[in-house]
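To start, the structure under review is shown below, and the notes come after it.
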Amino acid sequence: MIKILVLNFIFLFLFYGNSQTFSIKGKINDLTEKSKIEDLKLIILDQDFKAIIYNNRNFIFTDIPKGTYNLVLLENEKIVDRKNVILTNKDIEIDFNIAEISTELEEVHIKDSRQSDFGKLHLRSIEGVSINESKKSEVIMLDKINANLAIDNAREAFAKIPGLNVWESDESGVQLGIGSRGLSPKRSSNFNVRQNGYDISADAIGYPESYYTPPLEAVEKIEILRGAASLQYGTQFGGMVNFVMKNHKNSTKPVELKTNHSYGSYGFYKGSIWAGAKYKNLSAKAFYQYRRGNAWRQNSDFQVHTSYFNINQKINDKLEIGFDYSFRHNLSQQPGGVNDYWFEQKPDTSFRSRNWFRVIWNVAALYGNYNFSEKTKLTTKIFFNYSYRESLGNLERISRPDLSENRTIIYDHFVNIGAEVRLLHKYKILNRSSAIATGIRLYRGFTDSKQGDGTNQSDADFKFLNPDNPERFVFSYKNYNASLFAENLIYLTDKWSITPGVRYEFIETNSNGYYRFMIKNLAGNIIADNRFLESQSLPRGFLLAGVGTSYRPNLHLEFYGNISQNYRAVTFSDMRVQNPNFKIDPNLQDEKGFTSDIGFRGTFKKILNYDFSLFYLNYSNRIGEIYKTDDASNFFIPYVFRTNIADANTYGFEFFGEINWLLVFNKNYDGNHKLTTFSTASVNQAKYTNTNRTDILGKMVENTPIFSNRSGLTYAFKNWTSTVTFTYIGEQFSDATNAESDFSKLSNGLFGLIPAYHVADFSTKYTFNKLFFEASINNFTNQIYFTRRAESYPGPGIMPSPPIRLFVSVGIKI
């Protein structure tokens with residue numbers, strides 16, 4: 001596979017270098033003597049080309065193929081001059097003039113210069129009030145890709161993002177589990193997960209796991225920034241993932257309605273409805289989705305209700321305000337895991353019929369955007385989370401039968417409020433345009449957590465038997481966070497920039513409560529019951545720094561590099577879960593390190609889109625899981641122990657490339673047909689260092705496949721488009737000792753190898769007037785595989801991935 005990748009990579013750049021292109025250059029003459037260079041834009045209409053305009057008002061278009069073009073000069077988005085040019089076999093020169101701007105001049109909608117038919121972009125250098133220059137960034141345009149959005153199949157939706165490791169342990173598709181570069185995919189907790197730019201995780205400091213991610217059919221695009229996002233978006237090693245929701249403020253329709261219904265294998269059904277309205281500068285969008293299913297294993301029923309509402313008011317040309325609200329109710333039965341023996345014999349086996357999981361999520365946000373001028377912008381977001389998650393069932397090792405004893409309830413109630421204020425100011429230094437982004441973040445999180453006995457029944461009854469004195473623990477966690485950050489984009493030349501930045505972070509985590517330790521005799525009677533009170537407060541402050549650089553020899557090629565420090569605080573809520581399969585070191589310490597990237601990316605005409613980068617991640621004092629059998633009080637039964645185990649270093653490369661083949665071979669391409677192929681690849685070397693434990697030193701970091709690849713082919717004809725996606729993920733270990741799999745019938749399935757696997761998916765859609773039809777076949781080669789060994793819910797044990805499944809959808813938009 002690596003040889004094939006290298007050959008494809010060489011082909012791409014041989015192709016790039018041998019293609020014949022020309023330049024258009026000249027001068028912009030200001031007859032008014034009033035115009036400012038930063039207000040000028042020179043574009044080619046209906047194309048992806050934009051001129052570089054220098055301080056002396058000279059301009060140049062590069063890499064332009066033969067053809068006839070309509071060049072337009074704009075000042076503050078109004079046309080001031082336009083010319084038609086014909087490129088034959090040589091470069092040409094032409095001048096533009098700026099005359100007095102008439103109020104009658106035509107306004108023009110400028111096509112995003114990054115847009116293409118590929119469906120994957122990278123973030124602009126400046127987006128709103130954020131600076132993304134020189135960072136490893138990706139944007140998934142969901143309306144440009146084919147994926148099974150009925151079940152939110154992350155394997156397809158994120159197929160063009162290299163290096164992502166996707167967990168597939170949620171049959172309903174409502175919880176996203178992604179990781180990269182040696183970081184665990186567990187509920188995407190190593191990313192700062194956002195919706196419309198604000199936090200949606202359980203507790204960004206104390207419990208950064210994402211029990212809610214929005215339905216992808218309600219999402220316009222997904223923005224991803226890797227580790228260098230730590231300076232602007234929080235300190236996580238993974239970076240930031242932001243789901244930008246669809247809205248109605250840019251629509252030209254006063255009223256819009258849309259409904260979609262999907263049916264699939266194993267009793268799956270999904271119904272969705274959108275409604276949008278606009279009156280002058282006031283717009284609103286509402287979305288509701290219901291999905292249910294039985295899944296492919298017994299005891300896997302689920303029901304999910306999700307809604308989203310947005311209202312937006314443009315007060316005037318400077319001020320815009322809005323409000324978001326998101327709700328989810330998710331109730332799912334969990335079949336538990338299996339061990340290696342049963343996975344080989346009968347992977348659809350379920351040993352748990354009484355396990356349930358419930359999430360009730362409420363997230364609201366107020367926001368305001370104010371433009372002081374064309375150079376200075378301010379945004380404010382105030383967000384609030386009032387949510388619950390509850391798990392109910394038998395947490396014992398999967399090798400032990402469920403004998404209808406009292407079930408365990410774990411209850412968490414999250415109440416969080418936060419605010420972020422960001423300011424972007426553009427200015428000049430060394431007579432060149434620059435920009436500085438500054439911001440402040442205030443956050444307070446409250447989590448009430450309980451663990452105790454529930455009923456011995458099999459229904460979804462989440463009531464404690466002793467609500468005032470649960471059998472395991474009762475804790476209250478209070479977290480405070482205040483942050484200041486600044487990043488400065490400085491152009492040293494017209495092509496070369498640097499972006500230094502700093503972030504100061506203050507975190508205070510508080511824990512107050514008790515846990516109980518009970519001993520029972522063989523008859524089940526309590527012979528000892530001890531309560532241990534615990535109160536902790538841990539304030540700390542620290543400074544993070546980073547710097548990036550970017551060099552653009554032309555408009556369509558960029559060389560970039562960055563290095564930024566990262567930090568991950570210990571989560572108190574993780575430290576108190578009592579589980580016979582899982583124990584936690586009470587002396588856990590925070591994790592520190594840094595992330596760096598160096599690479600190049602670009603496009604060629606509308607034919608080629610590519611991104612190649614090398615990365616290095618240093619992770620000091622890493623928290624991880626190891627396999628232990630040293631607890632005499634538990635009869636030396638194997639368990640997972642979570643502790644600071646070692647330092648970890650991860651390095652490798654990531655590659656993305658996509659080609660539109662009809663533009664390569666057909667000079668008379670009419671746009672009715674499209675044939676593209678894409679490929680992503682990632683190679684990771686991740687090992688533990690700096691530890692006294694010989695059973696860990698030099699071992700592979702868990703959840704890190706050495707090689708992964710996703711490739712796809714898309715064919716489209718007018719209103720019909722289809723995509724086949726192939727996924728290969730190399731083998732990976734599930735714990736830091738790299739324990740081998742145990743295939744005995746009574747093993748617990750917690751430890752061992754996660755074998756390499758390959759999966760193929762097919763998705764298609766067709767639009768006819770106001771109707772649209774979609775269909776997907778996931779895992780159409782019917783592979784039997786798994787992506788995760790769970791130490792607790794939804795397991796414990798191996799979580800088998802679904803076999804072949806079929807989905808069809810029909811909808812109407814009016």
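Here's how to read the names in the structure tokens: chain A, B, ... by the order shown, residue numbers from 1 in each chain, ligand numbers from 1 in the order shown.
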
Check which residues of range 291-342 of chain A sit at most 9 Å from range 396-406 of chain A using only C-alpha atoms, and return one row each with the closest pair of atoms and their distance in Å to one decimal, ordered by chain and rising number, as JSON lines.
```
{"residue": "A:Gly336", "atom": "CA", "partner": "A:Ile398", "partner_atom": "CA", "distance": 7.5}
{"residue": "A:Gly337", "atom": "CA", "partner": "A:Ile398", "partner_atom": "CA", "distance": 6.6}
{"residue": "A:Val338", "atom": "CA", "partner": "A:Ile398", "partner_atom": "CA", "distance": 6.5}
{"residue": "A:Asn339", "atom": "CA", "partner": "A:Ile398", "partner_atom": "CA", "distance": 7.3}
```

Selection file, N, CA and C atoms, as a short mmCIF file (atom, residue, chain, number, x, y, z; two decimals), in the first residue's frame:
```cif
data_model
loop_
_atom_site.label_atom_id
_atom_site.label_comp_id
_atom_site.auth_asym_id
_atom_site.auth_seq_id
_atom_site.Cartn_x
_atom_site.Cartn_y
_atom_site.Cartn_z
N GLY A 336 -23.75 -5.16 25.51
CA GLY A 336 -22.48 -5.55 26.12
C GLY A 336 -21.50 -6.05 25.09
N GLY A 337 -20.31 -6.37 25.55
CA GLY A 337 -19.27 -6.84 24.65
C GLY A 337 -19.20 -8.36 24.60
N VAL A 338 -18.24 -8.83 23.83
CA VAL A 338 -17.94 -10.26 23.78
C VAL A 338 -16.43 -10.42 23.96
N ASN A 339 -16.00 -11.65 24.20
CA ASN A 339 -14.55 -11.90 24.25
C ASN A 339 -14.07 -12.41 22.90
#
```

Check your understanding: Could you pull out all residues of range 295-488 of chain A with a DSSP call of strand (DSSP E or B) and give them as a PyMOL selection string?
Key -> chain A and resi 302-314+319-333+338+356-371+376-393+408-429+432-453+473-488

Review point. Tell me, which residues of range 467-644 of chain A carry DSSP helix (DSSP H, G or I), written as a PyMOL selection string?
Key: chain A and resi 572-576+632-634

Review point. Counting only C-alpha atoms, what is within 8 Å of range 614-629 of chain A, bar same-chain residues fewer than 3 positions away, as number ranges by chain?
Key: A: 181, 588-599, 636-654, 735-737, 739, 751

Tell me which protein, DNA and RNA residues are within 7 Å of range 216-232 of chain A, counting only C-alpha atoms, leaving out same-chain ones fewer than 4 positions away, and put them as a short mmCIF file (atom, residue, chain, number, x, y, z; two decimals) with N, CA and C atoms, in the first residue's frame.
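The file below, out-v9.cif, is the result:
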```cif
data_model
loop_
_atom_site.label_atom_id
_atom_site.label_comp_id
_atom_site.auth_asym_id
_atom_site.auth_seq_id
_atom_site.Cartn_x
_atom_site.Cartn_y
_atom_site.Cartn_z
N LYS A 135 -1.72 26.64 9.90
CA LYS A 135 -2.18 25.50 10.70
C LYS A 135 -2.65 24.37 9.80
N LYS A 136 -2.56 23.15 10.31
CA LYS A 136 -3.12 21.99 9.64
C LYS A 136 -4.63 22.04 9.81
N SER A 137 -5.34 22.33 8.72
CA SER A 137 -6.79 22.50 8.82
C SER A 137 -7.47 21.76 7.69
N GLU A 138 -8.71 21.36 7.95
CA GLU A 138 -9.53 20.69 6.96
C GLU A 138 -10.98 21.14 7.13
N VAL A 139 -11.71 21.19 6.01
CA VAL A 139 -13.12 21.52 6.03
C VAL A 139 -13.86 20.50 5.17
N ILE A 140 -14.87 19.87 5.74
CA ILE A 140 -15.70 18.92 5.00
C ILE A 140 -17.00 19.62 4.63
N MET A 141 -17.25 19.79 3.33
CA MET A 141 -18.50 20.37 2.85
C MET A 141 -19.48 19.23 2.62
N LEU A 142 -20.44 19.07 3.51
CA LEU A 142 -21.28 17.87 3.51
C LEU A 142 -22.20 17.77 2.30
N LEU A 149 -25.89 9.69 5.64
CA LEU A 149 -26.24 10.62 6.69
C LEU A 149 -27.49 10.18 7.46
N ASP A 152 -25.55 8.70 10.12
CA ASP A 152 -24.35 9.50 10.44
C ASP A 152 -23.10 8.62 10.45
N GLN A 236 -6.37 21.04 24.18
CA GLN A 236 -6.36 19.62 23.83
C GLN A 236 -5.29 19.29 22.80
N PHE A 237 -4.75 18.07 22.91
CA PHE A 237 -3.73 17.60 21.98
C PHE A 237 -4.29 17.35 20.58
N GLY A 238 -5.54 16.92 20.51
CA GLY A 238 -6.11 16.57 19.21
C GLY A 238 -6.45 17.77 18.34
N GLY A 239 -6.83 18.88 18.97
CA GLY A 239 -7.22 20.06 18.21
C GLY A 239 -8.69 20.37 18.42
N MET A 240 -9.32 20.93 17.39
CA MET A 240 -10.70 21.38 17.47
C MET A 240 -11.51 20.82 16.31
N VAL A 241 -12.75 20.40 16.61
CA VAL A 241 -13.73 20.00 15.61
C VAL A 241 -14.96 20.88 15.81
N ASN A 242 -15.36 21.59 14.76
CA ASN A 242 -16.49 22.51 14.86
C ASN A 242 -17.55 22.14 13.82
N PHE A 243 -18.76 21.87 14.28
CA PHE A 243 -19.89 21.57 13.41
C PHE A 243 -20.65 22.88 13.13
N VAL A 244 -20.59 23.34 11.90
CA VAL A 244 -21.28 24.56 11.51
C VAL A 244 -22.67 24.18 10.99
N MET A 245 -23.71 24.61 11.69
CA MET A 245 -25.07 24.20 11.36
C MET A 245 -25.63 25.01 10.20
N LYS A 246 -26.57 24.39 9.49
CA LYS A 246 -27.27 25.11 8.42
C LYS A 246 -28.16 26.19 9.04
N PHE A 485 -5.84 34.77 25.18
CA PHE A 485 -4.97 34.34 24.08
C PHE A 485 -4.77 35.47 23.09
N GLY A 501 1.99 33.11 18.69
CA GLY A 501 0.82 33.20 19.56
C GLY A 501 1.11 32.72 20.96
N VAL A 502 0.30 33.17 21.91
CA VAL A 502 0.41 32.74 23.30
C VAL A 502 -0.99 32.55 23.87
N ARG A 503 -1.08 31.75 24.91
CA ARG A 503 -2.33 31.53 25.63
C ARG A 503 -2.01 31.34 27.10
N ASN A 562 4.12 24.55 11.78
CA ASN A 562 3.72 25.13 13.06
C ASN A 562 4.20 24.24 14.19
N ILE A 563 4.30 24.84 15.37
CA ILE A 563 4.58 24.09 16.60
C ILE A 563 3.86 24.80 17.74
N SER A 564 3.12 24.05 18.56
CA SER A 564 2.34 24.64 19.64
C SER A 564 2.34 23.69 20.83
N ASN A 566 0.71 21.93 24.19
CA ASN A 566 -0.61 21.39 24.55
C ASN A 566 -0.64 21.01 26.02
N THR A 595 2.70 19.80 19.82
CA THR A 595 2.39 19.24 18.51
C THR A 595 3.03 20.10 17.44
#
```

Review point. What is the CA of Ile607 in chain A-CA of Ala716 in chain A distance in Å, reported with one decimal?
Key: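 Pair CA of Ile607 in chain A / CA of Ala716 in chain A returns 15.2 Å.
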
Practice item. Counting only C-alpha atoms, figure out which residue out of A:Ser332, A:Asn703, A:Asn779, A:Asn56 gets nearest to Leu806 in chain A. Key: A:Asn779

Can you tell me, as a PDB file with N, CA, C and O atoms, in the first residue's frame, what residues are no more than 7 Å from Asn148 in chain A when counting only C-alpha atoms, ignoring any on the same chain fewer than 3 positions away?
```
ATOM      1  N   ILE A 151     -27.663   7.400   9.127  1.00  0.00           N
ATOM      2  CA  ILE A 151     -27.120   6.824  10.359  1.00  0.00           C
ATOM      3  C   ILE A 151     -25.884   7.575  10.810  1.00  0.00           C
ATOM      4  O   ILE A 151     -25.198   7.186  11.761  1.00  0.00           O
ATOM      5  N   ASP A 152     -25.550   8.700  10.123  1.00  0.00           N
ATOM      6  CA  ASP A 152     -24.353   9.498  10.436  1.00  0.00           C
ATOM      7  C   ASP A 152     -23.103   8.624  10.445  1.00  0.00           C
ATOM      8  O   ASP A 152     -22.352   8.578  11.432  1.00  0.00           O
ATOM      9  N   ASN A 153     -22.863   7.951   9.324  1.00  0.00           N
ATOM     10  CA  ASN A 153     -21.715   7.052   9.224  1.00  0.00           C
ATOM     11  C   ASN A 153     -20.422   7.865   9.154  1.00  0.00           C
ATOM     12  O   ASN A 153     -20.045   8.382   8.108  1.00  0.00           O
ATOM     13  N   SER A 763     -22.630   4.831  -1.467  1.00  0.00           N
ATOM     14  CA  SER A 763     -23.725   5.777  -1.250  1.00  0.00           C
ATOM     15  C   SER A 763     -24.049   6.489  -2.551  1.00  0.00           C
ATOM     16  O   SER A 763     -23.141   6.809  -3.338  1.00  0.00           O
ATOM     17  N   SER A 776     -27.771   3.820   0.555  1.00  0.00           N
ATOM     18  CA  SER A 776     -26.427   3.445   1.007  1.00  0.00           C
ATOM     19  C   SER A 776     -26.381   1.956   1.311  1.00  0.00           C
ATOM     20  O   SER A 776     -27.357   1.387   1.820  1.00  0.00           O
TER      21      SER A 776
END
```
